[in-house]
file protein-v6.txt (compact mmCIF, C-alpha atoms and all ligand atoms)
# COMPACT_ATOMS: atom_id res chain seq x y z
CA MET U 58 1.38 12.69 -15.38
CA PRO U 59 -0.47 14.41 -12.46
CA PHE U 60 0.75 13.63 -8.96
CA VAL U 61 -1.54 10.90 -7.58
CA THR U 62 -1.11 9.32 -4.15
CA ALA U 63 -0.97 5.59 -3.35
CA ALA U 64 -4.61 5.63 -2.19
CA GLU U 65 -5.86 7.11 -5.48
CA VAL U 66 -4.43 4.62 -7.98
CA THR U 67 -4.13 0.87 -8.36
CA LEU U 68 -0.76 0.03 -9.77
CA ARG U 69 0.57 -3.32 -10.88
CA PRO U 70 3.94 -4.57 -9.62
CA PRO U 71 6.34 -3.25 -12.27
CA LEU U 72 8.68 -6.29 -12.23
CA LYS U 73 8.33 -10.05 -12.44
CA TRP U 74 9.40 -11.32 -9.06
CA ALA U 75 9.45 -14.87 -7.71
CA GLY U 76 7.11 -15.45 -4.79
CA GLY U 77 4.80 -12.50 -5.54
CA LYS U 78 1.95 -12.33 -3.02
CA ARG U 79 -0.67 -10.33 -4.92
CA TRP U 80 -3.05 -13.22 -4.27
CA GLN U 81 -2.74 -12.63 -0.51
CA VAL U 82 -3.93 -9.02 -0.65
CA PRO U 83 -7.65 -9.93 -0.17
CA HIS U 84 -6.65 -11.92 2.97
CA LEU U 85 -4.49 -9.08 4.27
CA ARG U 86 -6.89 -6.18 3.66
CA PRO U 87 -9.19 -6.95 6.64
CA LEU U 88 -6.15 -7.38 8.93
CA TRP U 89 -4.64 -4.09 7.74
CA LYS U 90 -7.88 -2.07 7.77
CA PRO U 91 -7.97 -1.23 11.52
CA HIS U 92 -4.32 -0.12 11.31
CA THR U 93 -4.18 2.09 8.21
CA ASP U 94 -2.83 5.05 10.18
CA ARG U 95 0.28 3.00 10.99
CA ARG U 96 3.42 2.60 8.90
CA LEU U 97 3.51 -0.62 6.87
CA VAL U 98 6.90 -2.32 7.14
CA GLU U 99 7.98 -5.10 4.80
CA PRO U 100 11.42 -6.53 5.59
CA PHE U 101 11.24 -8.67 2.39
CA CYS U 102 9.35 -6.42 -0.03
CA GLY U 103 10.35 -8.32 -3.24
CA GLY U 104 8.10 -7.34 -6.16
CA LEU U 105 6.04 -4.85 -4.05
CA ALA U 106 2.79 -6.73 -4.66
CA VAL U 107 1.58 -6.31 -1.08
CA ALA U 108 2.46 -2.63 -0.62
CA LEU U 109 0.88 -1.74 -3.99
CA GLY U 110 -2.18 -3.77 -3.01
CA LEU U 111 -2.64 -2.31 0.50
CA LYS U 112 -1.65 1.24 -0.54
CA PRO U 113 -0.40 2.54 2.81
CA ALA U 114 0.28 6.27 3.11
CA LYS U 115 3.52 5.49 5.02
CA ALA U 116 5.76 2.48 4.43
CA LEU U 117 9.27 1.20 5.04
CA LEU U 118 10.14 -1.35 2.39
CA ASN U 119 13.31 -3.37 2.55
CA ASP U 120 14.91 -6.11 0.52
CA ALA U 121 18.37 -7.63 0.60
CA ASN U 122 18.62 -7.22 -3.19
CA PRO U 123 20.23 -3.78 -3.80
CA HIS U 124 19.39 -3.71 -7.54
CA LEU U 125 15.72 -4.16 -6.81
CA VAL U 126 15.81 -1.35 -4.25
CA ASN U 127 17.76 0.91 -6.62
CA PHE U 128 15.02 0.38 -9.21
CA TYR U 129 12.36 1.41 -6.65
CA THR U 130 14.19 4.55 -5.61
CA TRP U 131 14.26 5.60 -9.30
CA LEU U 132 10.56 4.76 -9.58
CA GLN U 133 9.97 7.24 -6.77
CA ARG U 134 11.68 9.85 -8.91
CA GLY U 135 9.37 9.04 -11.86
CA LEU U 136 11.77 6.86 -13.87
CA GLN U 137 11.74 7.41 -17.66
CA ILE U 138 13.50 4.74 -19.74
CA HIS U 139 15.38 5.91 -22.83
CA ILE U 140 17.51 2.85 -23.66
CA PRO U 141 16.37 0.70 -26.63
CA MET U 142 14.03 -2.08 -25.42
CA GLU U 143 13.14 -4.97 -27.72
CA ASN U 144 12.64 -8.68 -27.29
CA ASP U 145 15.89 -9.41 -29.09
CA GLU U 146 18.62 -11.80 -28.00
CA GLN U 147 21.57 -9.71 -29.17
CA LEU U 148 20.23 -6.58 -27.54
CA PHE U 149 19.61 -8.56 -24.34
CA TYR U 150 23.25 -9.67 -24.11
CA ARG U 151 24.51 -6.18 -24.97
CA HIS U 152 22.41 -4.69 -22.17
CA ARG U 153 23.48 -7.47 -19.81
CA ASP U 154 27.16 -6.66 -20.49
CA ARG U 155 26.51 -2.96 -19.93
CA PHE U 156 24.71 -3.68 -16.63
CA ASN U 157 27.66 -5.77 -15.45
CA THR U 158 30.10 -3.02 -16.45
CA LEU U 159 28.13 -0.50 -14.40
CA LEU U 160 28.23 -2.85 -11.37
CA ALA U 161 31.98 -3.41 -11.79
CA ASP U 162 32.55 0.36 -11.99
CA GLY U 163 30.52 1.06 -8.84
CA ASP U 164 27.68 2.64 -10.85
CA GLY U 165 24.96 0.22 -9.77
CA GLN U 166 22.89 3.02 -8.25
CA THR U 167 22.43 5.07 -11.39
CA GLU U 168 19.25 5.64 -13.39
CA GLU U 169 20.85 3.73 -16.27
CA ALA U 170 21.37 0.70 -13.98
CA ALA U 171 17.69 0.90 -12.94
CA ALA U 172 16.56 1.03 -16.60
CA LEU U 173 18.79 -1.91 -17.54
CA PHE U 174 17.57 -3.87 -14.51
CA TYR U 175 13.98 -3.39 -15.68
CA PHE U 176 14.81 -4.49 -19.24
CA LEU U 177 16.75 -7.56 -18.03
CA ASN U 178 13.94 -8.50 -15.64
CA ARG U 179 11.31 -8.43 -18.40
CA THR U 180 13.43 -9.99 -21.13
CA GLY U 181 15.53 -12.53 -19.22
CA PHE U 182 14.59 -16.10 -18.34
CA ASN U 183 11.61 -16.21 -15.93
CA GLY U 184 12.36 -12.77 -14.51
CA LEU U 185 15.19 -14.34 -12.51
CA CYS U 186 17.81 -12.26 -10.73
CA ARG U 187 20.92 -14.37 -10.40
CA PHE U 188 24.62 -13.57 -10.14
CA ASN U 189 27.70 -15.76 -10.56
CA ARG U 190 30.55 -15.98 -8.05
CA ARG U 191 32.25 -12.95 -9.59
CA GLY U 192 29.10 -10.92 -8.97
CA LEU U 193 28.07 -10.82 -12.64
CA PHE U 194 24.40 -10.97 -13.59
CA ASN U 195 24.17 -14.22 -15.57
CA VAL U 196 20.50 -14.88 -16.37
CA PRO U 197 20.05 -16.00 -20.01
CA PHE U 198 17.69 -14.57 -22.64
CA GLY U 199 14.07 -15.47 -21.87
CA ARG U 200 12.64 -16.44 -25.31
CA TYR U 201 9.17 -14.97 -24.76
CA SER U 202 6.88 -14.62 -27.75
CA ARG U 203 5.83 -11.09 -26.80
CA ILE U 204 6.88 -8.59 -24.15
CA ARG U 205 5.22 -5.32 -23.23
CA TYR U 206 7.67 -2.75 -21.99
CA THR U 207 6.83 0.39 -20.03
CA ARG U 208 8.97 3.47 -20.58
CA ASP U 209 7.15 6.10 -18.55
CA PHE U 210 6.88 5.25 -14.83
CA SER U 211 5.83 8.74 -13.73
CA VAL U 212 2.55 7.40 -12.31
CA TYR U 213 4.56 5.60 -9.59
CA ARG U 214 6.06 8.88 -8.36
CA GLY U 215 3.05 9.96 -6.31
CA ALA U 216 2.12 6.46 -5.23
CA LEU U 217 5.56 5.82 -3.74
CA ALA U 218 6.09 9.32 -2.36
CA GLY U 219 5.42 8.45 1.30
CA TRP U 220 7.44 5.24 1.21
CA ALA U 221 11.06 4.72 2.26
CA PHE U 222 13.23 2.01 0.73
CA THR U 223 16.24 0.32 2.25
CA SER U 224 18.41 -2.60 1.28
CA GLY U 225 19.85 -4.79 3.99
CA ASP U 226 19.29 -7.80 6.18
CA VAL U 227 15.90 -8.17 7.85
CA GLU U 228 17.24 -7.70 11.38
CA CYS U 229 18.88 -4.35 10.54
CA LEU U 230 15.49 -2.73 10.02
CA PRO U 231 14.82 0.12 12.46
CA LEU U 232 11.33 -0.93 13.58
CA GLU U 233 9.17 1.51 15.52
CA ARG U 234 6.72 0.34 18.21
CA ASP U 235 3.59 1.09 16.19
CA ASP U 236 4.70 -0.39 12.87
CA PHE U 237 2.47 -2.95 11.15
CA VAL U 238 4.87 -5.60 9.85
CA TYR U 239 4.13 -7.92 6.93
CA ALA U 240 7.05 -10.32 6.46
CA ASP U 241 7.35 -12.71 3.52
CA PRO U 242 10.78 -14.34 3.62
CA PRO U 243 11.98 -16.83 0.98
CA TYR U 244 10.11 -20.14 1.31
CA ASP U 245 11.21 -22.71 3.85
CA VAL U 246 12.23 -25.77 1.86
CA GLU U 247 12.26 -28.87 4.05
CA PHE U 248 14.26 -32.03 3.42
CA THR U 249 16.87 -30.42 1.20
CA GLN U 250 20.25 -28.81 1.56
CA TYR U 251 19.13 -26.11 -0.85
CA ALA U 252 18.01 -22.93 0.87
CA ARG U 253 16.11 -20.59 -1.44
CA GLY U 254 17.96 -17.33 -1.93
CA GLY U 255 20.55 -18.53 0.61
CA PHE U 256 17.94 -18.13 3.36
CA THR U 257 18.57 -20.99 5.78
CA TRP U 258 16.46 -22.53 8.53
CA ARG U 259 18.48 -20.50 11.02
CA ASP U 260 17.41 -17.35 9.13
CA GLN U 261 13.75 -18.44 9.35
CA GLU U 262 14.15 -18.94 13.10
CA ARG U 263 15.86 -15.63 13.77
CA THR U 264 13.28 -13.75 11.67
CA ALA U 265 10.30 -15.30 13.49
CA ARG U 266 11.95 -14.75 16.89
CA TRP U 267 12.92 -11.15 16.14
CA LEU U 268 9.39 -10.31 14.98
CA SER U 269 7.82 -12.04 17.99
CA ARG U 270 9.43 -9.30 20.13
CA HIS U 271 7.77 -6.50 18.14
CA PRO U 272 4.99 -4.84 20.20
CA GLY U 273 2.94 -3.81 17.11
CA PRO U 274 0.96 -5.99 14.68
CA VAL U 275 2.91 -8.67 12.78
CA VAL U 276 1.86 -10.93 9.92
CA LEU U 277 4.49 -13.48 8.94
CA VAL U 278 3.92 -15.87 6.04
CA ASN U 279 5.67 -18.89 4.61
CA GLN U 280 5.22 -22.28 3.05
CA ALA U 281 3.26 -24.45 5.50
CA THR U 282 5.95 -26.91 6.50
CA GLU U 283 5.61 -28.82 9.74
CA ARG U 284 8.61 -27.16 11.34
CA MET U 285 7.37 -23.69 10.34
CA GLU U 286 4.06 -24.32 12.08
CA LYS U 287 5.86 -25.60 15.17
CA LEU U 288 8.14 -22.55 15.23
CA TYR U 289 5.29 -20.05 14.85
CA ARG U 290 3.21 -21.72 17.56
CA SER U 291 6.17 -21.92 19.95
CA LEU U 292 6.66 -18.15 19.61
CA GLY U 293 3.01 -17.36 20.30
CA TYR U 294 1.84 -16.57 16.77
CA VAL U 295 -1.82 -17.26 15.99
CA VAL U 296 -1.71 -19.57 12.99
CA ARG U 297 -3.93 -19.72 9.92
CA PHE U 298 -3.52 -21.70 6.69
CA LEU U 299 -4.05 -20.39 3.17
CA ARG U 300 -4.28 -22.14 -0.18
CA ALA U 301 -1.87 -20.58 -2.67
CA PRO U 302 -2.85 -20.44 -6.37
CA ARG U 303 -1.83 -23.46 -8.39
CA ARG U 304 1.64 -23.43 -9.77
CA ILE U 305 3.06 -26.03 -12.09
CA SER U 306 6.34 -27.20 -10.65
CA CYS U 307 9.17 -28.62 -12.74
CA THR U 308 7.87 -32.13 -11.98
CA GLY U 309 4.46 -31.19 -13.44
CA ASP U 310 2.90 -31.41 -9.98
CA ARG U 311 -0.17 -29.18 -9.85
CA THR U 312 -0.90 -29.58 -6.13
CA PRO U 313 -1.65 -26.12 -4.73
CA ALA U 314 0.91 -25.04 -2.17
CA ARG U 315 -0.29 -24.57 1.38
CA GLU U 316 0.82 -21.40 3.06
CA ILE U 317 0.98 -20.58 6.71
CA MET U 318 0.21 -17.15 8.14
CA GLY U 319 1.42 -16.38 11.67
CA MET U 320 -0.15 -13.36 13.37
CA ARG U 321 0.61 -11.37 16.53
CA ASN U 322 -1.13 -8.29 17.94
CA VAL U 323 -3.35 -8.03 14.85
C1 LIG O 401 9.22 -14.30 -1.24
S1 LIG O 401 10.11 -12.88 -1.74
C2 LIG O 401 9.04 -11.57 -1.27
C3 LIG O 401 7.92 -11.39 -2.27
C4 LIG O 401 7.03 -10.19 -2.01
N1 LIG O 401 6.22 -10.33 -0.82
C5 LIG O 401 6.09 -9.97 -3.22
O1 LIG O 401 4.87 -10.04 -3.07
O2 LIG O 401 6.61 -9.73 -4.33
C6 LIG O 401 11.42 -12.83 -0.57
C7 LIG O 401 12.38 -11.65 -0.74
O3 LIG O 401 13.30 -11.68 0.37
C8 LIG O 401 14.54 -11.13 -0.04
N2 LIG O 401 15.56 -11.55 0.94
C9 LIG O 401 16.27 -12.73 0.99
N3 LIG O 401 17.05 -12.76 2.09
C10 LIG O 401 16.84 -11.60 2.77
C11 LIG O 401 17.34 -11.05 3.99
N4 LIG O 401 18.23 -11.72 4.76
N5 LIG O 401 16.90 -9.84 4.39
C12 LIG O 401 16.01 -9.14 3.63
N6 LIG O 401 15.50 -9.60 2.44
C13 LIG O 401 15.90 -10.83 2.02
C14 LIG O 401 14.71 -11.64 -1.47
O4 LIG O 401 15.55 -10.79 -2.24
C15 LIG O 401 13.24 -11.67 -2.00
O5 LIG O 401 12.95 -10.52 -2.77
call {"tool": "encode", "arguments": {"input": "protein-v6.txt", "output": "structure tokens", "more": "lines below"}}
Ligand SMILES: C[S@@+](CC[C@H](N)C(=O)[O-])C[C@H]1O[C@@H](n2cnc3c(N)ncnc32)[C@H](O)[C@@H]1O
result
Amino acid sequence: MPFVTAAEVTLRPPLKWAGGKRWQVPHLRPLWKPHTDRRLVEPFCGGLAVALGLKPAKALLNDANPHLVNFYTWLQRGLQIHIPMENDEQLFYRHRDRFNTLLADGDGQTEEAAALFYFLNRTGFNGLCRFNRRGLFNVPFGRYSRIRYTRDFSVYRGALAGWAFTSGDVECLPLERDDFVYADPPYDVEFTQYARGGFTWRDQERTARWLSRHPGPVVLVNQATERMEKLYRSLGYVVRFLRAPRRISCTGDRTPAREIMGMRNV
């Protein structure tokens, strides 16, 4: 595969990832356009939908999930997958066991771990990434009727060449003055004890406060809860609302989610 840069190709996010924001790219493009010479920083890069959509030449992409970030660093090296990949329950559990053995042996950063992570993501239930208390990946088989697997990821090598990946907490990111920050933390879920991905209200507050001190452009998005709007406004963000695509929730509710976008220095 010839070496093609991010600007020259349009690539799809290679994984299924909850909360993907590909639908926001048309809203973000005009905000990003005057700043394309800057570095794009995503403290919560998740499935990479936004970076692959905006195609910056320079980027710093972070996520707290180390397996996700390991997969991306192998993508940068033109990952080739050689393990057997089929939509088969027995094979799924064999690969899941092998992945857990690698993690237990401290080999979670290997190319094999990246290949297994990809297979488990495509074949497991809803593309979930979940671990039990002992740190074992415990997502069950997904029961899809058909799955398309990719083996040759060499096209991502050029596209990701100018990007750096890190795995850590949002506030550990070494921001530079001129960075353009797009931050998409786990959704704020009001009126429940349950914090998505362990991301609490306190985490939402510290993220919004930390980014409000950044002198460069910041776009911060979330579910449009009342307290989120209040927080953004209190920190001086300019607020806009977006209508997210319809999702069918477990209650069958088809109401489109409302999203809030807080902007500073854009
Ligand atoms: C809503 S998703 C981001 C989706 C992404 N924008 C996309 O389009 O695919 C939120 C991400 O934040 C990550 N995350 C959760 N807590 C974090 C933390 N404290 N610091 C950094 N990343 C975190 C999760 O692993 C998850 O991938």
call {"tool": "atom_distance", "arguments": {"input": "protein-v6.txt", "atom1": "atom CA of Asn178 of chain U", "atom2": "atom CA of Thr257 of chain U"}}
result
25.2 Å
call {"tool": "closest_residue", "arguments": {"input": "protein-v6.txt", "among": "U:Lys78, U:Lys115, U:Arg300, U:His152", "to": "Ala218 of chain U", "atoms": "all atoms listed in the file"}}
result
U:Lys115
call {"tool": "residues_around", "arguments": {"input": "protein-v6.txt", "residues": "segment 128-141 of chain U", "least_positions_apart": "5", "cutoff": "7 Å", "atoms": "only C-alpha atoms", "output": "ChimeraX atom specification"}}
result
/U:168,171-172,208-211,213-214,217-218,222
call {"tool": "residues_near_ligand", "arguments": {"input": "protein-v6.txt", "ligand": "ligand LIG 401 (chain O)", "cutoff": "8 Å", "atoms": "only C-alpha atoms and all ligand atoms", "output": "PyMOL selection string"}}
result
chain U and resi 70+74-79+99-107+119-122+224-228+240-244+254-256+260
call {"tool": "closest_residue", "arguments": {"input": "protein-v6.txt", "among": "U:Phe198, U:Trp267, U:Phe188, U:Trp80", "to": "Arg151 of chain U", "atoms": "all atoms listed in the file"}}
result
U:Phe198
call {"tool": "closest_residue", "arguments": {"input": "protein-v6.txt", "among": "U:Ala314, U:Leu268, U:Leu72, U:Val126", "to": "Arg234 of chain U", "atoms": "all atoms listed in the file"}}
result
U:Leu268
call {"tool": "residues_near_point", "arguments": {"input": "protein-v6.txt", "point": "(23.3, -14.9, -11.8)", "cutoff": "12 Å", "atoms": "only C-alpha atoms", "output": "list in words"}}
result
Arg153, Asn157, Leu177, Asn178, Gly181, Phe182, Gly184, Leu185, Cys186, Arg187, Phe188, Asn189, Arg190, Arg191, Gly192, Leu193, Phe194, Asn195, Val196, Pro197 and Gly254 of chain U
call {"tool": "residues_around", "arguments": {"input": "protein-v6.txt", "residues": "Thr93 of chain U", "least_positions_apart": "4", "cutoff": "10 Å", "atoms": "all atoms listed in the file", "output": "MDAnalysis selection string"}}
result
chainID U and resid 86 88:89 97 111:115 237
call {"tool": "decode", "arguments": {"input": "protein-v6.txt", "residues": "segment 208-241 of chain U", "atoms": "N, CA and C atoms", "output": "PDB file, in the first residue's frame"}}
result
ATOM      1  N   ARG U 208      -7.923  -7.352   7.434  1.00  0.00           N
ATOM      2  CA  ARG U 208      -6.650  -7.951   7.880  1.00  0.00           C
ATOM      3  C   ARG U 208      -5.478  -7.009   7.623  1.00  0.00           C
ATOM      4  N   ASP U 209      -5.613  -6.227   6.555  1.00  0.00           N
ATOM      5  CA  ASP U 209      -4.492  -5.375   6.144  1.00  0.00           C
ATOM      6  C   ASP U 209      -4.840  -3.913   6.483  1.00  0.00           C
ATOM      7  N   PHE U 210      -4.166  -3.362   7.472  1.00  0.00           N
ATOM      8  CA  PHE U 210      -4.435  -1.979   7.892  1.00  0.00           C
ATOM      9  C   PHE U 210      -3.354  -1.025   7.411  1.00  0.00           C
ATOM     10  N   SER U 211      -2.602  -1.436   6.364  1.00  0.00           N
ATOM     11  CA  SER U 211      -1.445  -0.615   5.975  1.00  0.00           C
ATOM     12  C   SER U 211      -1.856   0.789   5.527  1.00  0.00           C
ATOM     13  N   VAL U 212      -3.097   0.959   5.057  1.00  0.00           N
ATOM     14  CA  VAL U 212      -3.532   2.279   4.605  1.00  0.00           C
ATOM     15  C   VAL U 212      -3.557   3.303   5.760  1.00  0.00           C
ATOM     16  N   TYR U 213      -3.674   2.799   6.999  1.00  0.00           N
ATOM     17  CA  TYR U 213      -3.707   3.718   8.152  1.00  0.00           C
ATOM     18  C   TYR U 213      -2.319   4.258   8.501  1.00  0.00           C
ATOM     19  N   ARG U 214      -1.275   3.598   7.979  1.00  0.00           N
ATOM     20  CA  ARG U 214       0.092   3.940   8.383  1.00  0.00           C
ATOM     21  C   ARG U 214       0.412   5.398   8.051  1.00  0.00           C
ATOM     22  N   GLY U 215       0.144   5.789   6.807  1.00  0.00           N
ATOM     23  CA  GLY U 215       0.425   7.164   6.403  1.00  0.00           C
ATOM     24  C   GLY U 215      -0.512   8.146   7.077  1.00  0.00           C
ATOM     25  N   ALA U 216      -1.779   7.770   7.159  1.00  0.00           N
ATOM     26  CA  ALA U 216      -2.785   8.681   7.712  1.00  0.00           C
ATOM     27  C   ALA U 216      -2.480   9.029   9.169  1.00  0.00           C
ATOM     28  N   LEU U 217      -1.928   8.084   9.906  1.00  0.00           N
ATOM     29  CA  LEU U 217      -1.691   8.302  11.330  1.00  0.00           C
ATOM     30  C   LEU U 217      -0.253   8.723  11.632  1.00  0.00           C
ATOM     31  N   ALA U 218       0.535   8.917  10.561  1.00  0.00           N
ATOM     32  CA  ALA U 218       1.975   9.129  10.768  1.00  0.00           C
ATOM     33  C   ALA U 218       2.286  10.367  11.610  1.00  0.00           C
ATOM     34  N   GLY U 219       1.526  11.451  11.451  1.00  0.00           N
ATOM     35  CA  GLY U 219       1.841  12.676  12.196  1.00  0.00           C
ATOM     36  C   GLY U 219       1.109  12.765  13.535  1.00  0.00           C
ATOM     37  N   TRP U 220       0.502  11.672  13.958  1.00  0.00           N
ATOM     38  CA  TRP U 220      -0.282  11.709  15.185  1.00  0.00           C
ATOM     39  C   TRP U 220       0.445  10.983  16.322  1.00  0.00           C
ATOM     40  N   ALA U 221       0.301  11.523  17.536  1.00  0.00           N
ATOM     41  CA  ALA U 221       0.881  10.857  18.705  1.00  0.00           C
ATOM     42  C   ALA U 221      -0.270  10.325  19.558  1.00  0.00           C
ATOM     43  N   PHE U 222      -0.071   9.156  20.131  1.00  0.00           N
ATOM     44  CA  PHE U 222      -1.105   8.549  20.972  1.00  0.00           C
ATOM     45  C   PHE U 222      -0.592   8.377  22.392  1.00  0.00           C
ATOM     46  N   THR U 223      -1.452   8.696  23.352  1.00  0.00           N
ATOM     47  CA  THR U 223      -1.097   8.453  24.745  1.00  0.00           C
ATOM     48  C   THR U 223      -2.307   7.846  25.449  1.00  0.00           C
ATOM     49  N   SER U 224      -2.029   7.180  26.557  1.00  0.00           N
ATOM     50  CA  SER U 224      -3.127   6.635  27.347  1.00  0.00           C
ATOM     51  C   SER U 224      -2.968   7.089  28.783  1.00  0.00           C
ATOM     52  N   GLY U 225      -3.935   7.882  29.241  1.00  0.00           N
ATOM     53  CA  GLY U 225      -3.868   8.357  30.620  1.00  0.00           C
ATOM     54  C   GLY U 225      -5.100   9.173  30.921  1.00  0.00           C
ATOM     55  N   ASP U 226      -5.096   9.796  32.080  1.00  0.00           N
ATOM     56  CA  ASP U 226      -6.228  10.632  32.457  1.00  0.00           C
ATOM     57  C   ASP U 226      -6.156  11.957  31.703  1.00  0.00           C
ATOM     58  N   VAL U 227      -7.318  12.512  31.430  1.00  0.00           N
ATOM     59  CA  VAL U 227      -7.428  13.761  30.678  1.00  0.00           C
ATOM     60  C   VAL U 227      -6.477  14.858  31.188  1.00  0.00           C
ATOM     61  N   GLU U 228      -6.403  15.025  32.493  1.00  0.00           N
ATOM     62  CA  GLU U 228      -5.635  16.165  33.024  1.00  0.00           C
ATOM     63  C   GLU U 228      -4.120  15.978  32.955  1.00  0.00           C
ATOM     64  N   CYS U 229      -3.686  14.753  32.563  1.00  0.00           N
ATOM     65  CA  CYS U 229      -2.233  14.521  32.451  1.00  0.00           C
ATOM     66  C   CYS U 229      -1.721  14.932  31.082  1.00  0.00           C
ATOM     67  N   LEU U 230      -2.615  15.354  30.204  1.00  0.00           N
ATOM     68  CA  LEU U 230      -2.190  15.677  28.836  1.00  0.00           C
ATOM     69  C   LEU U 230      -1.330  16.941  28.788  1.00  0.00           C
ATOM     70  N   PRO U 231      -0.159  16.849  28.163  1.00  0.00           N
ATOM     71  CA  PRO U 231       0.701  18.039  28.075  1.00  0.00           C
ATOM     72  C   PRO U 231       0.218  18.973  26.955  1.00  0.00           C
ATOM     73  N   LEU U 232      -0.730  19.841  27.291  1.00  0.00           N
ATOM     74  CA  LEU U 232      -1.277  20.764  26.283  1.00  0.00           C
ATOM     75  C   LEU U 232      -0.278  21.861  25.977  1.00  0.00           C
ATOM     76  N   GLU U 233      -0.242  22.263  24.699  1.00  0.00           N
ATOM     77  CA  GLU U 233       0.567  23.433  24.322  1.00  0.00           C
ATOM     78  C   GLU U 233      -0.385  24.579  23.992  1.00  0.00           C
ATOM     79  N   ARG U 234       0.104  25.806  24.169  1.00  0.00           N
ATOM     80  CA  ARG U 234      -0.740  27.017  24.068  1.00  0.00           C
ATOM     81  C   ARG U 234      -1.631  27.059  22.840  1.00  0.00           C
ATOM     82  N   ASP U 235      -1.048  26.609  21.695  1.00  0.00           N
ATOM     83  CA  ASP U 235      -1.747  26.768  20.413  1.00  0.00           C
ATOM     84  C   ASP U 235      -2.653  25.601  20.050  1.00  0.00           C
ATOM     85  N   ASP U 236      -2.693  24.569  20.881  1.00  0.00           N
ATOM     86  CA  ASP U 236      -3.473  23.382  20.530  1.00  0.00           C
ATOM     87  C   ASP U 236      -4.956  23.693  20.350  1.00  0.00           C
ATOM     88  N   PHE U 237      -5.563  23.034  19.376  1.00  0.00           N
ATOM     89  CA  PHE U 237      -7.018  23.063  19.199  1.00  0.00           C
ATOM     90  C   PHE U 237      -7.538  21.809  19.902  1.00  0.00           C
ATOM     91  N   VAL U 238      -8.348  21.999  20.945  1.00  0.00           N
ATOM     92  CA  VAL U 238      -8.802  20.843  21.725  1.00  0.00           C
ATOM     93  C   VAL U 238     -10.263  20.518  21.405  1.00  0.00           C
ATOM     94  N   TYR U 239     -10.497  19.249  21.046  1.00  0.00           N
ATOM     95  CA  TYR U 239     -11.870  18.741  20.941  1.00  0.00           C
ATOM     96  C   TYR U 239     -12.014  17.676  22.023  1.00  0.00           C
ATOM     97  N   ALA U 240     -12.916  17.904  22.972  1.00  0.00           N
ATOM     98  CA  ALA U 240     -13.035  16.974  24.104  1.00  0.00           C
ATOM     99  C   ALA U 240     -14.439  16.401  24.182  1.00  0.00           C
ATOM    100  N   ASP U 241     -14.497  15.069  24.170  1.00  0.00           N
ATOM    101  CA  ASP U 241     -15.771  14.349  24.163  1.00  0.00           C
ATOM    102  C   ASP U 241     -15.765  13.303  25.283  1.00  0.00           C
TER     103      ASP U 241
END
